[in-house]
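Next comes query_7.txt, with compact mmCIF, C-alpha atoms and all ligand atoms.
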```txt
# COMPACT_ATOMS: atom_id res chain seq x y z
CA MET A 278 169.60 3.36 69.69
CA ILE A 279 169.15 4.44 73.29
CA ILE A 280 172.85 5.26 73.70
CA GLN A 281 173.01 7.54 70.66
CA LYS A 282 169.88 9.33 71.88
CA HIS A 283 171.40 9.70 75.32
CA ILE A 284 174.64 11.12 73.92
CA GLU A 285 172.74 13.64 71.84
CA GLU A 286 170.46 14.72 74.66
CA LEU A 287 173.15 14.97 77.29
CA ARG A 288 174.37 18.40 76.39
CA ARG A 289 175.30 19.55 79.84
CA ASP A 290 176.44 23.10 80.33
CA TYR A 291 179.32 23.63 82.75
CA SER A 292 178.93 26.25 85.42
CA GLY A 293 182.05 26.42 87.56
CA GLU A 294 183.50 29.47 89.27
CA PRO A 295 185.94 31.44 87.10
CA LEU A 296 189.58 30.36 87.17
CA ASP A 297 191.78 33.35 86.47
CA GLU A 298 195.53 33.85 86.03
CA SER A 299 195.37 36.67 88.58
CA ILE A 300 194.03 34.48 91.38
CA VAL A 301 195.68 31.10 90.86
CA GLU A 302 198.59 30.05 93.07
CA ARG A 303 202.03 30.79 91.56
CA ASP A 304 203.05 27.23 92.46
CA PRO A 305 200.89 24.64 90.64
CA LEU A 306 201.42 22.12 93.42
CA LEU A 307 199.61 24.47 95.83
CA GLN A 308 196.87 24.98 93.26
CA PHE A 309 196.56 21.20 92.87
CA GLY A 310 196.39 20.77 96.65
CA LYS A 311 193.58 23.33 96.87
CA TRP A 312 191.60 21.61 94.11
CA MET A 313 192.13 18.18 95.63
CA GLU A 314 190.84 19.50 98.96
CA ASP A 315 187.81 20.96 97.18
CA ALA A 316 187.19 17.58 95.52
CA VAL A 317 187.39 15.77 98.86
CA ARG A 318 185.06 18.33 100.46
CA ALA A 319 182.61 17.99 97.54
CA GLU A 320 182.63 14.21 98.18
CA VAL A 321 183.71 13.39 94.65
CA PRO A 322 183.86 9.58 94.55
CA GLU A 323 187.50 8.42 94.37
CA PRO A 324 188.97 11.90 93.97
CA HIS A 325 192.47 10.36 93.75
CA ALA A 326 191.64 8.26 90.67
CA MET A 327 193.87 9.35 87.80
CA ALA A 328 194.00 8.28 84.17
CA LEU A 329 197.64 7.45 83.49
CA ALA A 330 199.02 7.60 79.96
CA THR A 331 202.25 5.86 79.02
CA VAL A 332 203.96 5.21 75.73
CA SER A 333 205.79 2.12 74.47
CA SER A 334 209.31 2.31 73.05
CA ASP A 335 207.83 2.14 69.52
CA GLY A 336 205.47 5.04 70.20
CA ASN A 337 202.16 3.32 70.97
CA PRO A 338 200.18 5.15 73.66
CA SER A 339 198.06 3.44 76.31
CA VAL A 340 195.98 4.68 79.21
CA ARG A 341 194.44 3.21 82.39
CA MET A 342 193.30 4.37 85.81
CA VAL A 343 195.54 4.32 88.88
CA LEU A 344 195.11 5.72 92.39
CA LEU A 345 197.27 8.65 93.34
CA ARG A 346 198.83 7.77 96.70
CA GLY A 347 200.69 10.99 97.39
CA PHE A 348 201.78 14.30 95.92
CA ASP A 349 204.33 16.81 97.13
CA GLN A 350 207.36 18.80 95.88
CA SER A 351 209.03 15.53 94.87
CA GLY A 352 206.17 14.48 92.56
CA PHE A 353 203.00 12.41 92.19
CA VAL A 354 203.17 8.80 93.38
CA PHE A 355 201.17 5.70 92.50
CA TYR A 356 201.87 1.99 93.04
CA THR A 357 201.76 -0.91 90.64
CA ASN A 358 203.48 -4.03 89.33
CA TYR A 359 206.78 -3.20 87.62
CA ASN A 360 206.25 -6.11 85.18
CA SER A 361 202.81 -4.91 84.08
CA ARG A 362 202.35 -3.27 80.72
CA LYS A 363 202.54 0.21 82.26
CA GLY A 364 205.47 -0.85 84.44
CA LYS A 365 207.51 -2.04 81.48
CA GLU A 366 206.58 1.00 79.41
CA LEU A 367 207.57 3.39 82.20
CA ILE A 368 210.89 1.64 82.71
CA ASP A 369 211.59 1.72 78.93
CA LYS A 370 210.34 5.25 78.40
CA PRO A 371 210.16 7.11 81.71
CA VAL A 372 207.59 9.75 80.83
CA ALA A 373 203.87 9.87 81.65
CA GLY A 374 200.74 11.97 81.51
CA GLY A 375 198.03 12.00 84.15
CA SER A 376 194.49 13.36 84.13
CA LEU A 377 192.05 13.69 87.03
CA PHE A 378 188.40 14.58 86.47
CA TRP A 379 186.19 15.87 89.27
CA HIS A 380 182.71 15.77 87.80
CA GLU A 381 180.93 17.45 90.73
CA LEU A 382 183.17 20.51 90.32
CA ASP A 383 183.45 20.53 86.51
CA ARG A 384 187.21 20.36 86.89
CA GLN A 385 190.05 18.52 85.20
CA VAL A 386 193.76 18.60 85.99
CA ARG A 387 196.44 17.31 83.64
CA ILE A 388 200.07 16.70 84.50
CA GLU A 389 203.00 15.57 82.37
CA GLY A 390 206.56 14.80 83.29
CA LYS A 391 209.45 12.42 83.71
CA VAL A 392 208.97 9.34 85.84
CA GLU A 393 211.20 7.50 88.30
CA LYS A 394 210.70 4.54 90.61
CA THR A 395 210.13 5.33 94.28
CA SER A 396 212.89 4.11 96.60
CA SER A 397 212.51 0.56 97.91
CA GLU A 398 212.13 2.01 101.44
CA GLU A 399 209.19 4.13 100.28
CA SER A 400 207.56 1.19 98.49
CA ASP A 401 208.11 -1.03 101.56
CA ALA A 402 206.51 1.54 103.84
CA TYR A 403 203.45 1.88 101.61
CA PHE A 404 203.13 -1.89 101.04
CA ALA A 405 203.25 -2.49 104.80
CA ARG A 406 200.18 -0.28 105.25
CA ARG A 407 198.05 -2.27 102.78
CA PRO A 408 195.44 -4.77 104.02
CA ARG A 409 196.75 -8.35 104.19
CA LYS A 410 194.55 -9.55 101.31
CA SER A 411 195.80 -6.78 99.02
CA LYS A 412 199.36 -7.81 99.86
CA ILE A 413 198.56 -11.43 98.99
CA ALA A 414 196.90 -10.30 95.74
CA ALA A 415 200.08 -8.45 94.77
CA TRP A 416 201.91 -11.80 94.97
CA ALA A 417 199.16 -13.75 93.19
CA SER A 418 198.72 -11.42 90.23
CA ASN A 419 201.27 -11.39 87.46
CA GLN A 420 199.64 -8.17 86.31
CA SER A 421 198.97 -7.75 82.56
CA ASN A 422 200.06 -11.32 81.72
CA GLU A 423 197.58 -13.79 80.23
CA ILE A 424 196.10 -16.35 82.63
CA LYS A 425 194.17 -19.51 81.81
CA GLY A 426 191.09 -18.61 83.80
CA ARG A 427 189.70 -17.22 87.04
CA ALA A 428 190.42 -20.53 88.79
CA GLU A 429 194.16 -20.05 88.28
CA LEU A 430 194.05 -16.64 89.96
CA ASP A 431 192.05 -18.02 92.90
CA ARG A 432 194.48 -20.94 93.21
CA LEU A 433 197.49 -18.63 93.26
CA PHE A 434 195.82 -16.43 95.87
CA LYS A 435 195.28 -19.48 98.12
CA GLU A 436 198.82 -20.66 97.54
CA PHE A 437 200.28 -17.33 98.67
CA GLU A 438 197.91 -17.15 101.65
CA GLU A 439 199.39 -20.46 102.78
CA ARG A 440 202.94 -19.36 102.02
CA PHE A 441 202.52 -16.24 104.18
CA PRO A 442 200.26 -17.36 107.05
CA GLY A 443 201.02 -14.50 109.49
CA GLU A 444 200.56 -10.76 109.29
CA GLU A 445 204.04 -10.39 107.81
CA VAL A 446 203.74 -10.40 104.04
CA PRO A 447 206.89 -9.09 102.34
CA ARG A 448 206.67 -6.77 99.35
CA PRO A 449 207.18 -8.62 96.06
CA GLY A 450 210.34 -7.33 94.37
CA ASN A 451 208.39 -6.46 91.22
CA TRP A 452 205.81 -4.34 93.05
CA GLY A 453 206.40 -0.71 93.96
CA GLY A 454 205.84 2.93 93.22
CA PHE A 455 206.47 5.35 90.41
CA ARG A 456 206.80 9.08 90.85
CA ILE A 457 205.81 11.52 88.09
CA LYS A 458 207.74 14.78 88.33
CA PRO A 459 205.49 17.25 86.52
CA THR A 460 206.99 19.89 84.25
CA ILE A 461 203.52 20.74 82.90
CA TYR A 462 200.23 21.21 84.76
CA GLU A 463 196.93 22.28 83.26
CA PHE A 464 193.91 23.27 85.33
CA TRP A 465 190.60 23.15 83.45
CA GLN A 466 187.49 24.71 84.87
CA GLY A 467 184.27 24.04 82.98
CA ARG A 468 182.35 27.29 82.30
CA PRO A 469 179.07 28.19 80.59
CA ASN A 470 178.71 28.05 76.80
CA ARG A 471 181.85 25.90 76.41
CA LEU A 472 184.00 28.96 77.23
CA HIS A 473 186.05 27.03 79.75
CA ASP A 474 189.03 28.40 81.66
CA ARG A 475 192.34 26.62 81.03
CA ILE A 476 195.39 27.69 82.96
CA LEU A 477 198.71 26.16 81.93
CA TYR A 478 201.88 26.02 84.04
CA THR A 479 205.18 25.13 82.39
CA SER A 480 208.57 24.98 84.01
CA GLY A 481 210.89 23.72 81.26
CA ASN A 482 214.20 23.07 82.96
CA SER A 483 213.97 25.89 85.47
CA SER A 484 212.23 25.81 88.82
CA LYS A 485 210.26 28.93 87.94
CA TRP A 486 206.73 28.34 86.64
CA GLU A 487 205.37 30.25 83.63
CA ILE A 488 201.61 30.71 83.72
CA SER A 489 199.48 31.15 80.60
CA ARG A 490 195.90 30.73 79.42
CA LEU A 491 194.81 28.36 76.65
CA ALA A 492 191.75 28.65 74.44
CA PRO A 493 189.10 26.17 75.52
C1 LIG B 1 189.66 3.49 89.82
C2 LIG B 1 190.78 2.54 89.48
C3 LIG B 1 191.96 2.60 90.20
C4 LIG B 1 193.02 1.75 89.90
N1 LIG B 1 194.20 1.88 90.59
C5 LIG B 1 195.26 1.12 90.24
C6 LIG B 1 196.53 1.34 90.87
O1 LIG B 1 196.71 2.20 91.74
N2 LIG B 1 197.56 0.54 90.48
C7 LIG B 1 197.43 -0.42 89.51
O2 LIG B 1 198.41 -1.10 89.22
N3 LIG B 1 196.25 -0.63 88.89
C8 LIG B 1 195.16 0.12 89.23
N4 LIG B 1 193.96 -0.06 88.59
C9 LIG B 1 193.89 -1.07 87.49
C10 LIG B 1 194.48 -0.47 86.22
O3 LIG B 1 193.56 0.46 85.65
C11 LIG B 1 194.91 -1.51 85.17
O4 LIG B 1 193.83 -2.38 84.89
C12 LIG B 1 196.08 -2.37 85.64
O5 LIG B 1 197.01 -1.61 86.40
C13 LIG B 1 196.81 -2.98 84.43
O6 LIG B 1 197.24 -1.97 83.56
P1 LIG B 1 198.39 -2.23 82.47
O7 LIG B 1 198.14 -3.57 81.87
O8 LIG B 1 198.27 -1.12 81.49
O9 LIG B 1 199.71 -2.18 83.19
C14 LIG B 1 192.88 0.78 88.86
C15 LIG B 1 191.68 0.72 88.15
C16 LIG B 1 190.64 1.58 88.45
C17 LIG B 1 189.38 1.51 87.65
```

The structure in this file should be written as structure tokens.
Amino acid sequence: MIIQKHIEELRRDYSGEPLDESIVERDPLLQFGKWMEDAVRAEVPEPHAMALATVSSDGNPSVRMVLLRGFDQSGFVFYTNYNSRKGKELIDKPVAGGSLFWHELDRQVRIEGKVEKTSSEESDAYFARRPRKSKIAAWASNQSNEIKGRAELDRLFKEFEERFPGEEVPRPGNWGGFRIKPTIYEFWQGRPNRLHDRILYTSGNSSKWEISRLAP
């Protein structure tokens, strides 16, 4: 049982710098920006990778990774297929949770909020910047639907390469962005002896952020 042994032996202590209510930014977006910069500087692999939780209309949760493609006052943006499982769930129930983990810094950030689609202009602009093969793949993949086998995917990819021979590959209508508008942020800093720092920001319906500390 090598895995069980590994799990039992891997009792890592966390040793991050303190995170204190008195020093954090009043605006969680600024705090997030600082931490993202730290993660980039620390060369965390894929610092923009975020676990995205959605919920179906009958209350079943699901989670998967996406890549955060932007964040600012308007929210946190990622791109996907609107007909995928997550796409349908977000259209049915426009709320989501996100979690980013930066192992090298012993840090986690969680966000929660309402979700909306990005404008078609915004999705077009982002799609246009993607490499040609990624654009073709967006056409070829009916994301989250069952396919007969790998050969079908490869065939569809070829078909769309032939359909769009030049650089100009239009954005498929069912592909685009979602924007999470956080009303909750939590910054988690791993600390020794499992006495981690957790700073919570909540805004409710106002634009003013309340800051509190949670037990680890
Ligand atoms: C690191 C990482 C980043 C990913 N980024 C995206 C992304 O930005 N958009 C996306 O649609 N899928 C992305 N995926 C794939 C998703 O995790 C998932 O397999 C896919 O979107 C289908 O999810 P769904 O069936 O729940 O809709 C990523 C996977 C990994 C491991």

Which residues, written as a JSON list (two decimals) with C-alpha atoms, keeping the file's coordinate frame, have at least one atom at most 12 Å from Lys435 in chain A, with all atoms listed in the file counted and residues fewer than 3 positions away on the same chain left out?
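Output (part-v5.json):
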```
[["chain", "number", "residue", "atom", "x", "y", "z"],
["A", 410, "LYS", "CA", 194.55, -9.55, 101.31],
["A", 413, "ILE", "CA", 198.56, -11.43, 98.99],
["A", 414, "ALA", "CA", 196.90, -10.30, 95.74],
["A", 416, "TRP", "CA", 201.91, -11.80, 94.97],
["A", 417, "ALA", "CA", 199.16, -13.75, 93.19],
["A", 418, "SER", "CA", 198.72, -11.42, 90.23],
["A", 428, "ALA", "CA", 190.42, -20.53, 88.79],
["A", 429, "GLU", "CA", 194.16, -20.05, 88.28],
["A", 430, "LEU", "CA", 194.05, -16.64, 89.96],
["A", 431, "ASP", "CA", 192.05, -18.02, 92.90],
["A", 432, "ARG", "CA", 194.48, -20.94, 93.21],
["A", 438, "GLU", "CA", 197.91, -17.15, 101.65],
["A", 439, "GLU", "CA", 199.39, -20.46, 102.78],
["A", 440, "ARG", "CA", 202.94, -19.36, 102.02],
["A", 441, "PHE", "CA", 202.52, -16.24, 104.18],
["A", 442, "PRO", "CA", 200.26, -17.36, 107.05]]
```

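With all atoms listed in the file as the atoms that count, the minimum distance from Met327 in chain A to the choices A:Leu345, A:Val301, A:Val340, A:Ile476 is reached by A:Leu345.
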
- Item | Residue among A:Ile488, A:Val343, A:Ala316, A:Ile300 lying closest to ligand LIG 1 (chain B), counting only C-alpha atoms and all ligand atoms | A:Val343

Contact table chain A vs ligand LIG 1 (chain B), cut-off 6 Å, shortest pair per residue, all atoms listed in the file, as CSV:
```
residue,atom,partner,partner_atom,distance
A:Ala326,CA,B:LIG1,C1,5.2
A:Arg341,CA,B:LIG1,O3,4.4
A:Met342,CA,B:LIG1,O3,3.9
A:Val343,CA,B:LIG1,N1,3.3
A:Leu344,CA,B:LIG1,O1,3.9
A:Phe355,CA,B:LIG1,O1,5.7
A:Tyr356,CA,B:LIG1,N2,5.2
A:Thr357,CA,B:LIG1,O2,3.6
A:Asn358,CA,B:LIG1,O2,5.9
A:Ser361,CA,B:LIG1,O9,4.2
A:Arg362,CA,B:LIG1,O9,3.8
A:Lys363,CA,B:LIG1,O9,3.8
A:Ser421,CA,B:LIG1,O7,4.3
```

- Task: In Å, rounded to a single decimal, give me how far CA of Ser333 in chain A is from CA of Lys365 in chain A.
- Result: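 According to the coordinates, CA of Lys365 in chain A and CA of Ser333 in chain A are separated by 8.3 Å.
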
- Leaving out range 453-465 of chain A and any residue of its chain fewer than 3 positions from it, which residues lie within 7 Å of it when counting only C-alpha atoms, given as a PyMOL selection string? chain A and resi 305+351-359+373+384-395+400+474-481

Please determine an axis-aligned box that encloses all atoms of range 475-482 of chain A listed in the file, with 5 Å added on each side, and express its centre and edge lengths in Å to one decimal as JSON.
```
{"center_x": 203.3, "center_y": 25.4, "center_z": 82.5, "size_x": 31.9, "size_y": 14.6, "size_z": 13.0}
```

- Message: Restricting the calculation to all atoms listed in the file: of A:Glu445, A:Asp383, A:Glu399, A:Asp315, which residue gets closest to Ser292 in chain A?
- Response: A:Asp383

- Task: May I ask for the distance between CA of Glu285 in chain A and CA of Leu377 in chain A, given in Å to one decimal place?
- Result: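 Answer for the CA of Glu285 in chain A to CA of Leu377 in chain A separation: 24.6 Å.
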
- What is the distance, in Å and to one decimal place, between CA of Arg318 in chain A and CA of Glu298 in chain A?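 Separation of CA of Arg318 in chain A and CA of Glu298 in chain A: 23.6 Å.
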
- Of the candidates A:Phe434, A:Glu294, A:Phe348, A:Pro338, which one gets nearest to Met313 in chain A if we count all atoms listed in the file? A:Phe348

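The residue that comes closest to Leu306 in chain A, out of A:Gly336, A:Trp486, A:Tyr403, A:Asn451 and on the basis of all atoms listed in the file, is A:Trp486.
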
- Item | A:Ile424, A:Glu320, A:Glu444, A:Ser484 ranked by distance to Gln350 in chain A, top pick (using only C-alpha atoms) |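 Of the candidates, the smallest distance to Gln350 in chain A is held by A:Ser484.
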